[in-house]
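Note: the block below is input-v5.cif and it holds mmCIF, C-alpha atoms.
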data_work
#
loop_
_atom_site.label_atom_id
_atom_site.label_comp_id
_atom_site.auth_asym_id
_atom_site.auth_seq_id
_atom_site.Cartn_x
_atom_site.Cartn_y
_atom_site.Cartn_z
CA MET M 1 -27.53 65.06 -28.68
CA LYS M 2 -29.29 62.73 -26.22
CA LYS M 3 -30.00 60.24 -29.07
CA ILE M 4 -26.33 60.22 -30.05
CA LEU M 5 -25.24 59.54 -26.45
CA THR M 6 -27.80 56.73 -26.10
CA SER M 7 -26.58 55.13 -29.34
CA SER M 8 -22.98 55.37 -28.13
CA VAL M 9 -23.82 53.74 -24.81
CA MET M 10 -25.68 50.93 -26.61
CA ALA M 11 -22.75 50.41 -28.96
CA ILE M 12 -20.28 50.23 -26.07
CA THR M 13 -22.59 47.82 -24.20
CA LEU M 14 -22.94 45.53 -27.21
CA PHE M 15 -19.18 45.58 -27.73
CA ALA M 16 -18.60 44.67 -24.08
CA VAL M 17 -21.11 41.82 -24.27
CA ALA M 18 -19.48 40.49 -27.44
CA LEU M 19 -16.02 40.80 -25.88
CA HIS M 20 -17.17 38.92 -22.77
CA SER M 21 -18.76 36.24 -24.91
CA ASP M 22 -15.59 35.78 -26.95
CA PHE M 23 -13.53 35.60 -23.76
CA ALA M 24 -15.90 33.04 -22.21
CA ASN M 25 -15.80 30.90 -25.36
CA ALA M 26 -12.02 31.09 -25.44
CA GLN M 27 -11.83 30.06 -21.79
CA THR M 28 -14.19 27.12 -22.41
CA LYS M 29 -12.13 25.94 -25.38
CA LYS M 30 -8.95 26.34 -23.34
CA ALA M 31 -10.43 24.35 -20.46
CA LYS M 32 -11.48 21.55 -22.81
CA LYS M 33 -8.04 21.54 -24.39
CA MET M 34 -6.33 21.40 -20.99
CA GLU M 35 -8.55 18.64 -19.56
CA LYS M 36 -6.48 15.51 -19.08
CA LYS M 37 -8.36 12.25 -19.34
CA ILE M 38 -7.75 8.54 -18.75
CA LEU M 39 -9.96 5.81 -20.15
CA PHE M 40 -10.74 2.85 -17.87
CA VAL M 41 -11.85 -0.37 -19.60
CA VAL M 42 -14.16 -2.71 -17.67
CA SER M 43 -15.66 -6.07 -18.63
CA SER M 44 -19.26 -6.61 -19.74
CA HIS M 45 -19.07 -10.38 -19.18
CA ASP M 46 -20.93 -11.74 -16.14
CA LYS M 47 -20.34 -15.53 -15.96
CA LYS M 48 -17.27 -17.72 -15.39
CA GLY M 49 -17.68 -20.08 -18.32
CA ASN M 50 -20.29 -22.76 -17.64
CA THR M 51 -19.76 -22.78 -13.86
CA GLY M 52 -22.80 -20.60 -13.18
CA GLU M 53 -20.61 -18.36 -10.98
CA SER M 54 -20.93 -14.61 -11.44
CA THR M 55 -18.06 -12.38 -12.45
CA GLY M 56 -17.43 -9.01 -14.08
CA TYR M 57 -14.89 -6.27 -13.44
CA TYR M 58 -13.14 -6.42 -10.06
CA LEU M 59 -14.15 -3.40 -8.00
CA GLY M 60 -10.84 -2.98 -6.17
CA GLU M 61 -8.90 -2.96 -9.43
CA VAL M 62 -10.95 0.02 -10.53
CA SER M 63 -11.13 1.87 -7.22
CA HIS M 64 -7.51 1.61 -6.11
CA ALA M 65 -6.17 2.91 -9.43
CA TRP M 66 -8.94 5.55 -9.52
CA GLU M 67 -8.00 6.84 -6.07
CA VAL M 68 -4.43 7.52 -7.21
CA LEU M 69 -5.38 9.19 -10.51
CA LYS M 70 -8.65 11.04 -9.86
CA ASN M 71 -7.16 14.27 -8.51
CA ASP M 72 -4.99 14.86 -11.57
CA TYR M 73 -7.08 13.33 -14.35
CA THR M 74 -10.69 12.99 -15.40
CA ILE M 75 -11.57 9.31 -15.68
CA ASP M 76 -14.08 7.89 -18.16
CA PHE M 77 -15.29 4.31 -18.54
CA VAL M 78 -15.81 2.09 -21.56
CA SER M 79 -16.97 -1.53 -21.71
CA PRO M 80 -17.44 -3.86 -24.68
CA LYS M 81 -21.25 -3.55 -24.49
CA GLY M 82 -21.54 -0.15 -22.82
CA GLY M 83 -24.15 0.57 -20.15
CA THR M 84 -23.96 -0.96 -16.67
CA PRO M 85 -21.14 -3.53 -16.40
CA PRO M 86 -21.32 -6.40 -13.88
CA VAL M 87 -19.21 -5.98 -10.76
CA ASP M 88 -17.21 -8.61 -8.88
CA GLY M 89 -15.24 -8.36 -5.66
CA PHE M 90 -17.94 -6.10 -4.21
CA ASP M 91 -16.45 -5.36 -0.81
CA LEU M 92 -17.46 -2.04 0.76
CA SER M 93 -15.50 -2.82 3.93
CA ASP M 94 -12.55 -1.70 1.81
CA PRO M 95 -12.64 2.09 2.36
CA VAL M 96 -11.32 2.82 -1.15
CA ASN M 97 -14.06 0.69 -2.71
CA LYS M 98 -16.59 2.49 -0.52
CA GLU M 99 -15.28 5.92 -1.50
CA PHE M 100 -15.49 5.07 -5.21
CA TRP M 101 -18.90 3.41 -5.01
CA GLU M 102 -20.41 6.32 -3.08
CA ASP M 103 -18.91 9.00 -5.33
CA ALA M 104 -22.03 10.17 -7.19
CA VAL M 105 -20.16 11.36 -10.29
CA TYR M 106 -18.07 8.24 -10.79
CA HIS M 107 -20.80 5.82 -9.76
CA ASN M 108 -22.93 7.35 -12.51
CA LYS M 109 -20.06 7.19 -14.99
CA ILE M 110 -19.29 3.51 -14.49
CA SER M 111 -22.99 2.63 -14.39
CA ASN M 112 -23.37 4.28 -17.78
CA SER M 113 -20.11 3.19 -19.39
CA MET M 114 -19.52 4.19 -22.98
CA LYS M 115 -19.57 1.83 -25.92
CA PRO M 116 -16.29 1.68 -27.86
CA SER M 117 -17.95 3.56 -30.76
CA GLU M 118 -18.55 6.54 -28.44
CA VAL M 119 -14.88 6.96 -27.54
CA ASN M 120 -12.59 9.54 -29.16
CA PRO M 121 -9.06 8.20 -28.54
CA SER M 122 -7.47 11.62 -29.11
CA GLU M 123 -9.03 12.85 -25.84
CA TYR M 124 -7.06 10.43 -23.66
CA VAL M 125 -3.48 10.35 -22.39
CA ALA M 126 -3.78 6.79 -21.09
CA ILE M 127 -5.97 3.69 -21.20
CA TYR M 128 -6.21 1.30 -18.24
CA TYR M 129 -7.68 -2.21 -18.44
CA ALA M 130 -9.12 -3.26 -15.07
CA GLY M 131 -9.29 -6.97 -14.38
CA GLY M 132 -11.85 -9.36 -13.01
CA HIS M 133 -12.34 -12.77 -14.60
CA GLY M 134 -14.92 -11.34 -17.00
CA ALA M 135 -12.06 -9.76 -18.94
CA MET M 136 -10.91 -13.21 -20.05
CA TRP M 137 -14.04 -13.59 -22.16
CA ASP M 138 -14.58 -10.16 -23.73
CA PHE M 139 -11.30 -8.21 -23.82
CA ALA M 140 -8.94 -10.15 -26.09
CA ASP M 141 -11.12 -10.24 -29.20
CA ASN M 142 -12.60 -6.75 -28.92
CA GLU M 143 -11.05 -5.10 -31.98
CA ALA M 144 -12.71 -1.72 -31.36
CA ILE M 145 -11.12 -1.26 -27.95
CA ALA M 146 -7.79 -2.62 -29.24
CA LYS M 147 -7.81 0.09 -31.93
CA ILE M 148 -8.54 2.74 -29.30
CA ALA M 149 -5.56 1.51 -27.27
CA THR M 150 -3.31 1.53 -30.34
CA LYS M 151 -4.23 5.13 -31.13
CA ILE M 152 -3.65 6.27 -27.56
CA TYR M 153 -0.29 4.48 -27.39
CA GLU M 154 0.90 5.76 -30.76
CA ASN M 155 -0.07 9.28 -29.69
CA ASN M 156 2.62 8.96 -26.98
CA GLY M 157 0.07 7.78 -24.42
CA ILE M 158 0.20 5.00 -21.85
CA VAL M 159 -1.39 1.55 -21.87
CA GLY M 160 -1.96 0.08 -18.41
CA ALA M 161 -3.59 -3.12 -17.20
CA VAL M 162 -3.85 -5.21 -14.04
CA CYS M 163 -4.56 -8.84 -13.14
CA HIS M 164 -6.79 -10.26 -15.92
CA GLY M 165 -6.90 -6.82 -17.59
CA PRO M 166 -3.85 -7.68 -19.75
CA ALA M 167 -6.20 -10.03 -21.63
CA GLY M 168 -7.01 -6.83 -23.49
CA LEU M 169 -3.38 -6.51 -24.60
CA VAL M 170 -2.86 -9.91 -26.21
CA ASN M 171 -4.23 -8.94 -29.64
CA ILE M 172 -3.29 -5.24 -29.77
CA LYS M 173 -1.17 -4.59 -32.85
CA LEU M 174 0.72 -1.42 -33.63
CA SER M 175 0.81 0.29 -37.03
CA ASN M 176 4.03 -1.57 -37.86
CA GLY M 177 2.18 -4.88 -37.52
CA ASN M 178 3.92 -5.94 -34.29
CA TYR M 179 2.05 -6.93 -31.17
CA LEU M 180 2.12 -4.23 -28.51
CA VAL M 181 3.61 -6.62 -25.95
CA ASP M 182 6.26 -8.06 -28.27
CA GLY M 183 9.69 -7.57 -26.74
CA LYS M 184 8.35 -5.73 -23.69
CA LYS M 185 8.43 -6.71 -20.04
CA ILE M 186 4.85 -7.59 -19.12
CA ASN M 187 3.11 -8.75 -15.96
CA ALA M 188 -0.37 -10.24 -15.40
CA PHE M 189 -2.33 -12.85 -13.42
CA THR M 190 -0.05 -15.86 -13.49
CA ASN M 191 -0.72 -19.47 -14.44
CA GLU M 192 0.00 -20.43 -10.82
CA GLU M 193 -2.58 -17.96 -9.52
CA GLU M 194 -5.17 -19.31 -11.98
CA VAL M 195 -4.51 -22.83 -10.66
CA ALA M 196 -4.75 -21.54 -7.09
CA VAL M 197 -8.31 -20.25 -7.72
CA LYS M 198 -9.17 -23.50 -9.57
CA LEU M 199 -10.18 -21.77 -12.79
CA GLU M 200 -7.33 -22.86 -15.08
CA LYS M 201 -9.72 -25.20 -16.94
CA VAL M 202 -12.55 -22.67 -17.00
CA VAL M 203 -10.91 -19.60 -18.55
CA PRO M 204 -10.76 -19.63 -22.37
CA PHE M 205 -6.95 -19.36 -22.39
CA ALA M 206 -4.01 -19.10 -20.02
CA LEU M 207 -3.18 -15.40 -19.85
CA GLU M 208 0.49 -15.76 -18.95
CA THR M 209 1.02 -18.34 -21.72
CA LYS M 210 -0.76 -16.23 -24.35
CA LEU M 211 1.27 -13.12 -23.52
CA ILE M 212 4.50 -15.13 -23.85
CA GLU M 213 3.27 -16.44 -27.22
CA ARG M 214 2.82 -12.82 -28.32
CA GLY M 215 6.48 -12.11 -27.53
CA ALA M 216 6.17 -10.66 -24.04
CA ASN M 217 9.04 -10.98 -21.59
CA PHE M 218 6.80 -12.14 -18.76
CA GLU M 219 7.67 -11.20 -15.18
CA LYS M 220 6.03 -12.51 -12.03
CA SER M 221 6.21 -12.82 -8.28
CA GLY M 222 4.72 -15.35 -5.87
CA LEU M 223 0.98 -15.85 -5.34
CA TRP M 224 -0.86 -12.61 -4.50
CA GLN M 225 2.35 -10.61 -4.19
CA PRO M 226 2.16 -7.06 -5.57
CA HIS M 227 4.17 -6.77 -8.78
CA VAL M 228 4.17 -3.85 -11.23
CA THR M 229 6.13 -3.79 -14.48
CA VAL M 230 6.90 -0.68 -16.53
CA ASP M 231 8.36 -0.86 -20.03
CA GLN M 232 8.09 1.64 -22.91
CA ARG M 233 4.82 3.24 -21.72
CA VAL M 234 3.18 -0.13 -21.05
CA ILE M 235 2.40 -0.62 -17.34
CA THR M 236 1.08 -3.92 -16.03
CA GLY M 237 0.30 -5.46 -12.64
CA GLN M 238 -0.06 -9.06 -11.51
CA ASN M 239 -3.16 -9.23 -9.31
CA PRO M 240 -5.67 -7.16 -7.30
CA GLN M 241 -2.92 -6.35 -4.81
CA SER M 242 -1.07 -4.55 -7.63
CA ALA M 243 -3.86 -2.15 -8.68
CA LYS M 244 -2.73 0.81 -6.58
CA GLY M 245 0.86 0.28 -7.73
CA VAL M 246 -0.22 0.31 -11.37
CA GLY M 247 -2.11 3.57 -10.74
CA GLU M 248 0.97 5.10 -9.11
CA ALA M 249 3.20 3.98 -11.99
CA ILE M 250 0.77 5.44 -14.56
CA LEU M 251 0.73 8.74 -12.65
CA LYS M 252 4.53 8.86 -12.45
CA GLU M 253 4.93 8.04 -16.15
CA LEU M 254 2.35 10.65 -17.20
CA LYS M 255 4.04 13.34 -15.11
CA SER M 256 7.34 12.41 -16.73
CA LEU M 257 5.84 12.68 -20.21
CA GLU M 258 4.36 16.10 -19.42
CA LYS M 259 7.78 17.63 -18.60
#
Starting from the coordinates I provided, produce the structure as structure tokens.
Amino acid sequence: MKKILTSSVMAITLFAVALHSDFANAQTKKAKKMEKKILFVVSSHDKKGNTGESTGYYLGEVSHAWEVLKNDYTIDFVSPKGGTPPVDGFDLSDPVNKEFWEDAVYHNKISNSMKPSEVNPSEYVAIYYAGGHGAMWDFADNEAIAKIATKIYENNGIVGAVCHGPAGLVNIKLSNGNYLVDGKKINAFTNEEEVAVKLEKVVPFALETKLIERGANFEKSGLWQPHVTVDQRVITGQNPQSAKGVGEAILKELKSLEK
């Protein structure tokens, strides 16, 4: 009789363990399924042409969008070369920059950015191209990241970019063969702003001009004025002063899509 009771207790215990394990696995899968992620793209390029001046991604264009989005979405980073991307605009007197740079999790993430081949586009609800002059040299012709952006967009996701980040949009084509920006209102670092920083003859192309050539309906404001444009799930900003606004517009659009 004692042996039968012991066997019954063991059977019940094993069943309970199995049940708990199944529940835990289900919860883990559910959590993974529910995790909402945004992919930030940052430049790997560290020199402004042959000037000898350093460049990279612009810290404030990452941090100010990150601050708006980080509480609702997990943010990952990809760069054309992966690894540690060069940083420009390194100003820790900006409290948002300081918060981002001293966040152990995100500092580690951006310092170990993914290569395009490591990205699964189906995991992301949006992609955001941060600027910095480096983007002018390694965003436009990166076919791997362009394909990631196309997949995210065609999965009803959002494509965002700020300042020189829209350099990543100029060669994105959709499945129908049209350029992503064709017929859409788009905003970016303007030709006048490029002249103002005396780099119009250094950058490989004029961003505003190239976007117009691709069919964009280009919008702009005066030098260094915040300007954010939203059109058909493409959200673009003119300059570093527009980064927070682009983040806010991405957040608003995502919340609208989730309804």
Q) Care to translate the PyMOL selection byres ((chain M and resi 192-201) around 12) into actual residues of this file, as an NGL selection string? A) :M and (48-51 or 53 or 133 or 136 or 163-164 or 188-191 or 202-209 or 220-225 or 238-240)
Q: Would you kindly translate the PyMOL selection byres ((chain M and resi 186) around 6) into the concrete residues it picks from this file, as number ranges by chain?
A: M: 185, 187, 216-218
Export, as a PDB file, keeping the file's coordinate frame, the selected residues with C-alpha atoms.
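Output below, filename part.pdb:
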ATOM      1  CA  LYS M 185       8.430  -6.710 -20.040  1.00  0.00           C
ATOM      2  CA  ASN M 187       3.110  -8.750 -15.960  1.00  0.00           C
ATOM      3  CA  ALA M 216       6.170 -10.660 -24.040  1.00  0.00           C
ATOM      4  CA  ASN M 217       9.040 -10.980 -21.590  1.00  0.00           C
ATOM      5  CA  PHE M 218       6.800 -12.140 -18.760  1.00  0.00           C
TER       6      PHE M 218
END
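Atom pair CA of Asp72 in chain M / CA of Ile145 in chain M has a distance of 23.8 Å (rounded to one decimal).
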Q | Neighbour list for Tyr179 in chain M as a PyMOL selection string, cut-off 8 Å, all atoms listed in the file, skip fewer than 6 positions in-chain | A | chain M and resi 170-173+214-215
Q) Using all atoms listed in the file, which of M:Leu180, M:Asn120, M:Lys109, M:Val96 sits nearest Val68 in chain M? A) M:Val96
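Every residue that the PyMOL selection byres ((chain M and resi 153) around 9) selects in this file is listed here: Val125, Ala126, Ile127, Ile148, Ala149, Thr150, Lys151, Ile152, Glu154, Asn155, Asn156, Gly157, Ile158, Val159, Leu174, Arg233 and Val234 of chain M.
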Keeping C-alpha atoms for every residue in the selection just given, could you write it to a file as a PDB file, in the frame of the given file?
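Result saved to part_11.pdb:
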ATOM      1  CA  VAL M 125      -3.480  10.350 -22.390  1.00  0.00           C
ATOM      2  CA  ALA M 126      -3.780   6.790 -21.090  1.00  0.00           C
ATOM      3  CA  ILE M 127      -5.970   3.690 -21.200  1.00  0.00           C
ATOM      4  CA  ILE M 148      -8.540   2.740 -29.300  1.00  0.00           C
ATOM      5  CA  ALA M 149      -5.560   1.510 -27.270  1.00  0.00           C
ATOM      6  CA  THR M 150      -3.310   1.530 -30.340  1.00  0.00           C
ATOM      7  CA  LYS M 151      -4.230   5.130 -31.130  1.00  0.00           C
ATOM      8  CA  ILE M 152      -3.650   6.270 -27.560  1.00  0.00           C
ATOM      9  CA  GLU M 154       0.900   5.760 -30.760  1.00  0.00           C
ATOM     10  CA  ASN M 155      -0.070   9.280 -29.690  1.00  0.00           C
ATOM     11  CA  ASN M 156       2.620   8.960 -26.980  1.00  0.00           C
ATOM     12  CA  GLY M 157       0.070   7.780 -24.420  1.00  0.00           C
ATOM     13  CA  ILE M 158       0.200   5.000 -21.850  1.00  0.00           C
ATOM     14  CA  VAL M 159      -1.390   1.550 -21.870  1.00  0.00           C
ATOM     15  CA  LEU M 174       0.720  -1.420 -33.630  1.00  0.00           C
ATOM     16  CA  ARG M 233       4.820   3.240 -21.720  1.00  0.00           C
ATOM     17  CA  VAL M 234       3.180  -0.130 -21.050  1.00  0.00           C
TER      18      VAL M 234
END
(Q) Rounded to one decimal, what separation in Å do you get between CA of Glu143 in chain M and CA of Val162 in chain M? (A) 19.3 Å
